[in-house]
file data-v3.tsv (TSV, C-alpha atoms)
chain	number	residue	atom	x	y	z
A	97	MET	CA	-94.20	82.73	33.14
A	98	ARG	CA	-93.79	79.01	33.85
A	99	CYS	CA	-91.87	78.58	30.60
A	100	THR	CA	-89.51	81.43	31.52
A	101	VAL	CA	-88.82	79.95	34.95
A	102	ARG	CA	-88.32	76.47	33.52
A	103	VAL	CA	-85.82	77.70	30.92
A	104	SER	CA	-83.91	79.70	33.53
A	105	LEU	CA	-83.73	76.72	35.90
A	106	VAL	CA	-82.46	74.43	33.14
A	107	LEU	CA	-79.85	77.00	32.14
A	108	PHE	CA	-78.51	77.31	35.67
A	109	THR	CA	-78.64	73.54	36.16
A	110	LEU	CA	-76.43	73.09	33.11
A	111	THR	CA	-73.93	75.77	34.00
A	112	MET	CA	-73.79	75.95	37.77
A	113	GLY	CA	-73.50	72.23	38.32
A	114	SER	CA	-70.00	72.23	36.92
A	115	LEU	CA	-68.17	72.47	40.23
A	116	PRO	CA	-68.44	70.99	43.68
A	117	ALA	CA	-69.57	73.38	46.37
A	118	VAL	CA	-67.55	74.25	49.43
A	119	VAL	CA	-69.96	76.05	51.71
A	120	GLU	CA	-67.59	78.60	53.14
A	121	ALA	CA	-67.33	82.34	52.67
A	122	GLN	CA	-64.64	83.26	50.18
A	123	THR	CA	-62.12	86.03	50.79
A	124	PHE	CA	-61.76	87.05	47.14
A	125	GLU	CA	-63.73	90.11	46.11
A	126	GLY	CA	-64.12	90.84	42.44
A	127	VAL	CA	-65.28	89.31	39.18
A	128	VAL	CA	-64.22	86.11	37.40
A	129	SER	CA	-65.19	85.33	33.81
A	130	TYR	CA	-65.57	81.68	32.85
A	131	GLN	CA	-66.07	79.63	29.71
A	132	VAL	CA	-68.47	76.77	30.36
A	133	THR	CA	-68.74	73.78	28.03
A	134	THR	CA	-71.72	71.43	28.16
A	135	ASP	CA	-73.32	68.96	25.76
A	136	LYS	CA	-75.34	71.93	24.54
A	137	GLY	CA	-72.23	73.88	23.52
A	138	THR	CA	-70.00	76.58	24.99
A	139	MET	CA	-71.16	79.69	26.80
A	140	ASP	CA	-69.71	82.57	28.79
A	141	MET	CA	-70.42	83.07	32.46
A	142	THR	CA	-69.34	85.67	35.00
A	143	GLN	CA	-69.40	85.39	38.77
A	144	SER	CA	-69.01	88.29	41.17
A	145	TYR	CA	-67.93	87.64	44.78
A	146	LYS	CA	-68.23	89.76	47.89
A	147	GLY	CA	-68.39	88.79	51.57
A	148	GLY	CA	-69.36	85.20	50.83
A	149	LYS	CA	-72.13	86.14	48.40
A	150	VAL	CA	-72.06	85.21	44.72
A	151	ARG	CA	-73.73	86.82	41.71
A	152	THR	CA	-73.83	84.61	38.60
A	153	GLU	CA	-74.69	85.91	35.14
A	154	THR	CA	-74.98	83.93	31.93
A	155	ARG	CA	-77.02	84.40	28.76
A	156	GLY	CA	-78.98	87.24	30.26
A	157	ALA	CA	-79.96	85.30	33.38
A	158	THR	CA	-78.90	86.24	36.92
A	159	MET	CA	-78.68	84.18	40.10
A	160	LEU	CA	-77.77	85.48	43.58
A	161	THR	CA	-76.35	82.97	46.08
A	162	ASP	CA	-76.15	83.70	49.80
A	163	PRO	CA	-74.54	80.74	51.65
A	164	GLN	CA	-75.09	82.31	55.08
A	165	ALA	CA	-78.81	82.72	54.45
A	166	GLY	CA	-78.91	79.36	52.65
A	167	THR	CA	-80.69	80.76	49.60
A	168	GLN	CA	-80.38	81.20	45.86
A	169	THR	CA	-82.44	83.90	44.22
A	170	MET	CA	-83.24	83.89	40.52
A	171	ILE	CA	-83.67	87.40	39.08
A	172	MET	CA	-86.15	87.72	36.20
A	173	ASP	CA	-85.51	91.20	34.85
A	174	GLN	CA	-88.04	91.10	32.02
A	175	GLN	CA	-90.85	90.34	34.44
A	176	LYS	CA	-89.33	92.43	37.26
A	177	MET	CA	-89.72	89.43	39.52
A	178	TYR	CA	-87.52	87.12	41.58
A	179	MET	CA	-87.75	83.57	42.91
A	180	VAL	CA	-86.05	82.33	46.09
A	181	MET	CA	-84.82	78.73	46.43
A	182	ASP	CA	-83.77	77.00	49.65
A	183	LEU	CA	-80.24	75.53	49.37
A	184	LYS	CA	-80.82	73.11	52.25
A	185	ASP	CA	-83.98	71.80	50.61
A	186	MET	CA	-82.16	71.46	47.29
A	187	ALA	CA	-79.38	69.47	48.96
A	188	GLU	CA	-81.91	67.18	50.65
A	189	ARG	CA	-83.61	66.56	47.33
A	190	ALA	CA	-80.24	65.74	45.79
A	191	LYS	CA	-79.58	63.17	48.50
A	192	GLY	CA	-82.96	61.59	47.83
A	193	MET	CA	-82.07	61.18	44.18
A	194	MET	CA	-78.99	59.08	44.91
A	195	LYS	CA	-79.31	55.72	43.19
A	196	ASN	CA	-77.24	53.57	45.52
A	197	LYS	CA	-74.69	53.62	48.34
A	198	SER	CA	-71.78	54.05	45.94
A	199	ASP	CA	-73.21	57.45	45.03
A	200	THR	CA	-72.58	58.63	48.58
A	201	ALA	CA	-69.00	57.35	48.82
A	202	SER	CA	-66.43	59.86	50.01
A	203	PRO	CA	-64.48	61.54	47.20
A	204	LYS	CA	-60.87	60.49	46.73
A	205	ILE	CA	-58.74	63.61	46.25
A	206	THR	CA	-55.13	63.35	45.06
A	207	ALA	CA	-52.61	66.12	44.42
A	208	GLU	CA	-51.08	65.56	40.97
A	209	GLY	CA	-48.03	67.72	41.64
A	210	THR	CA	-48.56	69.78	38.47
A	211	HIS	CA	-49.30	73.48	38.17
A	212	GLU	CA	-50.82	75.86	35.63
A	213	THR	CA	-51.20	79.60	35.17
A	214	ILE	CA	-54.79	80.43	34.28
A	215	ALA	CA	-56.06	83.98	33.82
A	216	GLY	CA	-52.86	85.23	35.46
A	217	LYS	CA	-53.32	83.07	38.57
A	218	THR	CA	-51.31	80.00	39.58
A	219	CYS	CA	-53.30	76.88	40.39
A	220	ASP	CA	-52.47	73.30	41.39
A	221	ASN	CA	-54.03	70.25	39.76
A	222	TYR	CA	-55.96	67.69	41.81
A	223	LEU	CA	-57.63	64.49	40.70
A	224	VAL	CA	-61.05	64.00	42.29
A	225	VAL	CA	-62.65	60.57	41.99
A	226	THR	CA	-66.23	59.72	42.95
A	227	GLN	CA	-68.39	57.76	40.51
A	228	VAL	CA	-66.66	59.86	37.86
A	229	THR	CA	-63.15	61.29	37.61
A	230	ARG	CA	-62.31	64.96	37.29
A	231	GLU	CA	-59.22	67.12	37.33
A	232	ILE	CA	-59.59	70.45	39.12
A	233	CYS	CA	-56.98	73.21	39.05
A	234	VAL	CA	-57.30	75.00	42.38
A	235	ALA	CA	-55.92	78.44	43.24
A	236	LYS	CA	-54.88	78.98	46.86
A	237	GLY	CA	-54.96	82.16	48.89
A	238	MET	CA	-58.24	83.33	47.37
A	239	GLY	CA	-60.41	81.70	50.01
A	240	ASN	CA	-63.14	79.13	49.47
A	241	ILE	CA	-65.70	79.56	46.76
A	242	MET	CA	-69.26	78.34	46.66
A	243	MET	CA	-70.35	77.98	43.07
A	244	ALA	CA	-73.88	79.22	42.67
A	245	GLY	CA	-76.05	76.21	42.07
A	246	GLY	CA	-73.60	73.81	43.57
A	247	GLY	CA	-75.73	73.33	46.64
A	248	GLY	CA	-77.86	70.65	45.07
A	249	MET	CA	-78.92	71.01	41.45
A	250	GLY	CA	-78.70	67.27	41.01
A	251	PRO	CA	-76.44	64.35	41.86
A	252	GLY	CA	-73.89	62.59	39.77
A	253	GLY	CA	-74.24	64.67	36.65
A	254	GLN	CA	-78.02	64.24	36.48
A	255	GLY	CA	-78.44	67.91	37.22
A	256	GLY	CA	-75.66	69.19	35.02
A	257	PRO	CA	-72.15	68.54	33.74
A	258	GLY	CA	-69.91	67.54	36.58
A	259	MET	CA	-72.17	67.97	39.57
A	260	ASP	CA	-70.48	66.10	42.38
A	261	PRO	CA	-72.84	64.71	45.04
A	262	GLY	CA	-69.90	64.39	47.42
A	263	ALA	CA	-69.79	68.16	47.57
A	264	VAL	CA	-73.32	68.21	48.91
A	265	ILE	CA	-72.90	65.38	51.39
A	266	HIS	CA	-69.28	65.32	52.50
A	267	PRO	CA	-67.06	67.97	54.12
A	268	GLU	CA	-63.91	66.49	52.56
A	269	TYR	CA	-63.42	69.37	50.13
A	270	ALA	CA	-63.22	72.00	52.84
A	271	ALA	CA	-61.07	69.73	55.00
A	272	PHE	CA	-58.62	68.83	52.21
A	273	PHE	CA	-58.23	72.30	50.72
A	274	LYS	CA	-57.29	74.09	53.93
A	275	GLU	CA	-55.31	76.75	52.04
A	276	GLY	CA	-58.30	77.69	49.95
A	277	PHE	CA	-60.52	76.18	47.26
A	278	PHE	CA	-60.95	78.44	44.23
A	279	PRO	CA	-61.17	76.31	41.04
A	280	LEU	CA	-60.01	77.98	37.84
A	281	LYS	CA	-60.35	74.92	35.61
A	282	LEU	CA	-62.32	71.70	35.69
A	283	SER	CA	-61.97	68.79	33.29
A	284	ASP	CA	-63.73	65.45	32.94
A	285	VAL	CA	-61.18	62.65	32.76
A	286	GLU	CA	-61.76	59.44	30.81
A	287	GLY	CA	-58.61	57.35	30.53
A	288	THR	CA	-55.98	59.57	28.95
A	289	ASN	CA	-58.55	62.01	27.59
A	290	LYS	CA	-59.47	65.25	29.34
A	291	LYS	CA	-62.43	67.41	28.40
A	292	VAL	CA	-62.38	70.94	29.82
A	293	LYS	CA	-65.80	71.78	31.20
A	294	LEU	CA	-65.06	75.06	32.97
A	295	LEU	CA	-62.20	77.51	32.45
A	296	ALA	CA	-61.56	80.91	34.01
A	297	THR	CA	-60.65	83.42	31.32
A	298	LYS	CA	-60.29	86.58	33.44
A	299	VAL	CA	-59.81	87.26	37.15
A	300	GLU	CA	-60.35	90.85	38.26
A	301	ALA	CA	-59.96	91.70	41.95
A	302	LYS	CA	-61.86	94.87	42.81
A	303	SER	CA	-64.33	96.36	45.27
A	304	LEU	CA	-67.97	95.70	44.41
A	305	ASP	CA	-71.15	97.48	45.44
A	306	ALA	CA	-73.29	95.47	47.86
A	307	SER	CA	-76.40	96.24	45.78
A	308	LEU	CA	-75.17	93.81	43.11
A	309	PHE	CA	-76.02	90.97	45.49
A	310	GLU	CA	-79.51	92.19	46.37
A	311	VAL	CA	-82.88	91.95	44.64
A	312	PRO	CA	-83.51	95.20	42.70
A	313	ALA	CA	-86.03	97.58	44.21
A	314	GLY	CA	-89.56	97.22	42.89
A	315	TYR	CA	-89.27	93.53	42.00
A	316	THR	CA	-91.99	91.19	43.29
A	317	GLU	CA	-91.53	87.60	44.43
A	318	PHE	CA	-92.67	84.75	42.22
A	319	LYS	CA	-93.52	81.42	43.86
A	320	MET	CA	-93.65	78.23	41.85
A	321	PRO	CA	-97.17	76.77	41.92
A	322	THR	CA	-97.48	73.69	44.12
A	323	MET	CA	-98.00	70.51	42.10
A	324	PRO	CA	-101.02	68.32	42.99
A	325	GLY	CA	-100.10	65.85	45.72
A	326	HIS	CA	-97.10	67.93	46.87
A	327	HIS	CA	-96.92	70.30	49.79
A	328	ARG	CA	-94.57	73.18	50.48
A	329	ARG	CA	-92.45	72.90	53.61

call {"tool": "encode", "arguments": {"input": "data-v3.tsv", "output": "structure tokens"}}
result
Amino acid sequence: MRCTVRVSLVLFTLTMGSLPAVVEAQTFEGVVSYQVTTDKGTMDMTQSYKGGKVRTETRGATMLTDPQAGTQTMIMDQQKMYMVMDLKDMAERAKGMMKNKSDTASPKITAEGTHETIAGKTCDNYLVVTQVTREICVAKGMGNIMMAGGGGMGPGGQGGPGMDPGAVIHPEYAAFFKEGFFPLKLSDVEGTNKKVKLLATKVEAKSLDASLFEVPAGYTEFKMPTMPGHHRR
């Protein structure tokens, strides 16, 4: 069981840390398919959105994110179990992992004035600079998205490709993107080189059943054993 949980956590750390998190309910309802590229290779990921909740599926693993409740729930179908994680606690842990004051500097966000059409949606390119530089193509009018896992999987790329600690600590993203923050593409920028880390391949607006964002009936909760010398809050 511990091995299964560890593998699932690593998988979500690698994939969900790709985008900054804007902790606001999104208005878009439907499903978006993404292609995620990490040092481990490329994988497919889908996210379903409804009423602020997010369901993330990749490589047979499922994560439910509820910003209002402040939780992420890992679904383990083979074991018919689930594990709940506290987003606030994860964010606090991320802050504690910051190496120095520069890690907590406010992000510098600049509109590049260029546009793209991705998966049938128009998005505008922005350059976001913290301790690393990224280009994010943001669609407007779809509300604000909270990427599952973005609440604090790890700062500065330690917890995954492109995790931005500024998203955990600073409200600048929500303040800057007042017309909506729905990233369809994210690239790491090094000089003149850009490496696409996350790309939306399909956007399908449709009504979704609320049960998709709930723990299946009959599943039991799994709690990670407390390590010696550590205490649960």

call {"tool": "closest_residue", "arguments": {"input": "data-v3.tsv", "among": "A:Leu183, A:Ala157, A:Val132, A:Leu280", "to": "A:Thr218", "atoms": "all atoms listed in the file"}}
result
A:Leu280

call {"tool": "closest_residue", "arguments": {"input": "data-v3.tsv", "among": "A:Phe277, A:Glu310, A:Val225, A:Gln168", "to": "A:Met186", "atoms": "only C-alpha atoms"}}
result
A:Gln168

call {"tool": "residues_near_point", "arguments": {"input": "data-v3.tsv", "point": "(-68.7, 79.9, 29.7)", "cutoff": "10 Å", "atoms": "all atoms listed in the file", "output": "list in words"}}
result
Thr111, Ser129, Tyr130, Gln131, Val132, Thr133, Thr134, Gly137, Thr138, Met139, Asp140, Met141, Thr142, Thr154, Arg155, Lys293, Leu294, Leu295, Ala296 and Thr297 of chain A

call {"tool": "closest_residue", "arguments": {"input": "data-v3.tsv", "among": "A:Asn240, A:Thr206, A:Ser307, A:Asn221", "to": "A:Phe124", "atoms": "all atoms listed in the file"}}
result
A:Asn240

call {"tool": "closest_residue", "arguments": {"input": "data-v3.tsv", "among": "A:Lys236, A:Lys176, A:Lys204, A:Lys302", "to": "A:Gly276", "atoms": "all atoms listed in the file"}}
result
A:Lys236

call {"tool": "residues_near_point", "arguments": {"input": "data-v3.tsv", "point": "(-93.5, 85.1, 42.4)", "cutoff": "10 Å", "atoms": "only C-alpha atoms", "output": "NGL selection string"}}
result
:A and (97 or 172 or 175-180 or 315-321)

call {"tool": "residues_around", "arguments": {"input": "data-v3.tsv", "residues": "A:Gly126", "least_positions_apart": "6", "cutoff": "7 Å", "atoms": "all atoms listed in the file", "output": "list in words"}}
result
Ser144, Tyr145, Lys146, Glu300, Ala301, Lys302, Ser303 and Leu304 of chain A

call {"tool": "atom_distance", "arguments": {"input": "data-v3.tsv", "atom1": "atom CA of A:Cys233", "atom2": "atom CA of A:Met181"}}
result
29.3 Å

call {"tool": "closest_residue", "arguments": {"input": "data-v3.tsv", "among": "A:Ala235, A:Ala270, A:Thr123, A:Leu160", "to": "A:Ile214", "atoms": "only C-alpha atoms"}}
result
A:Ala235

call {"tool": "atom_distance", "arguments": {"input": "data-v3.tsv", "atom1": "atom CA of A:Thr288", "atom2": "atom CA of A:Glu212"}}
result
18.3 Å

call {"tool": "atom_distance", "arguments": {"input": "data-v3.tsv", "atom1": "atom CA of A:Glu268", "atom2": "atom CA of A:Lys184"}}
result
18.2 Å

call {"tool": "closest_residue", "arguments": {"input": "data-v3.tsv", "among": "A:Ile171, A:Cys219, A:Ala207, A:Ile232", "to": "A:Ala313", "atoms": "only C-alpha atoms"}}
result
A:Ile171
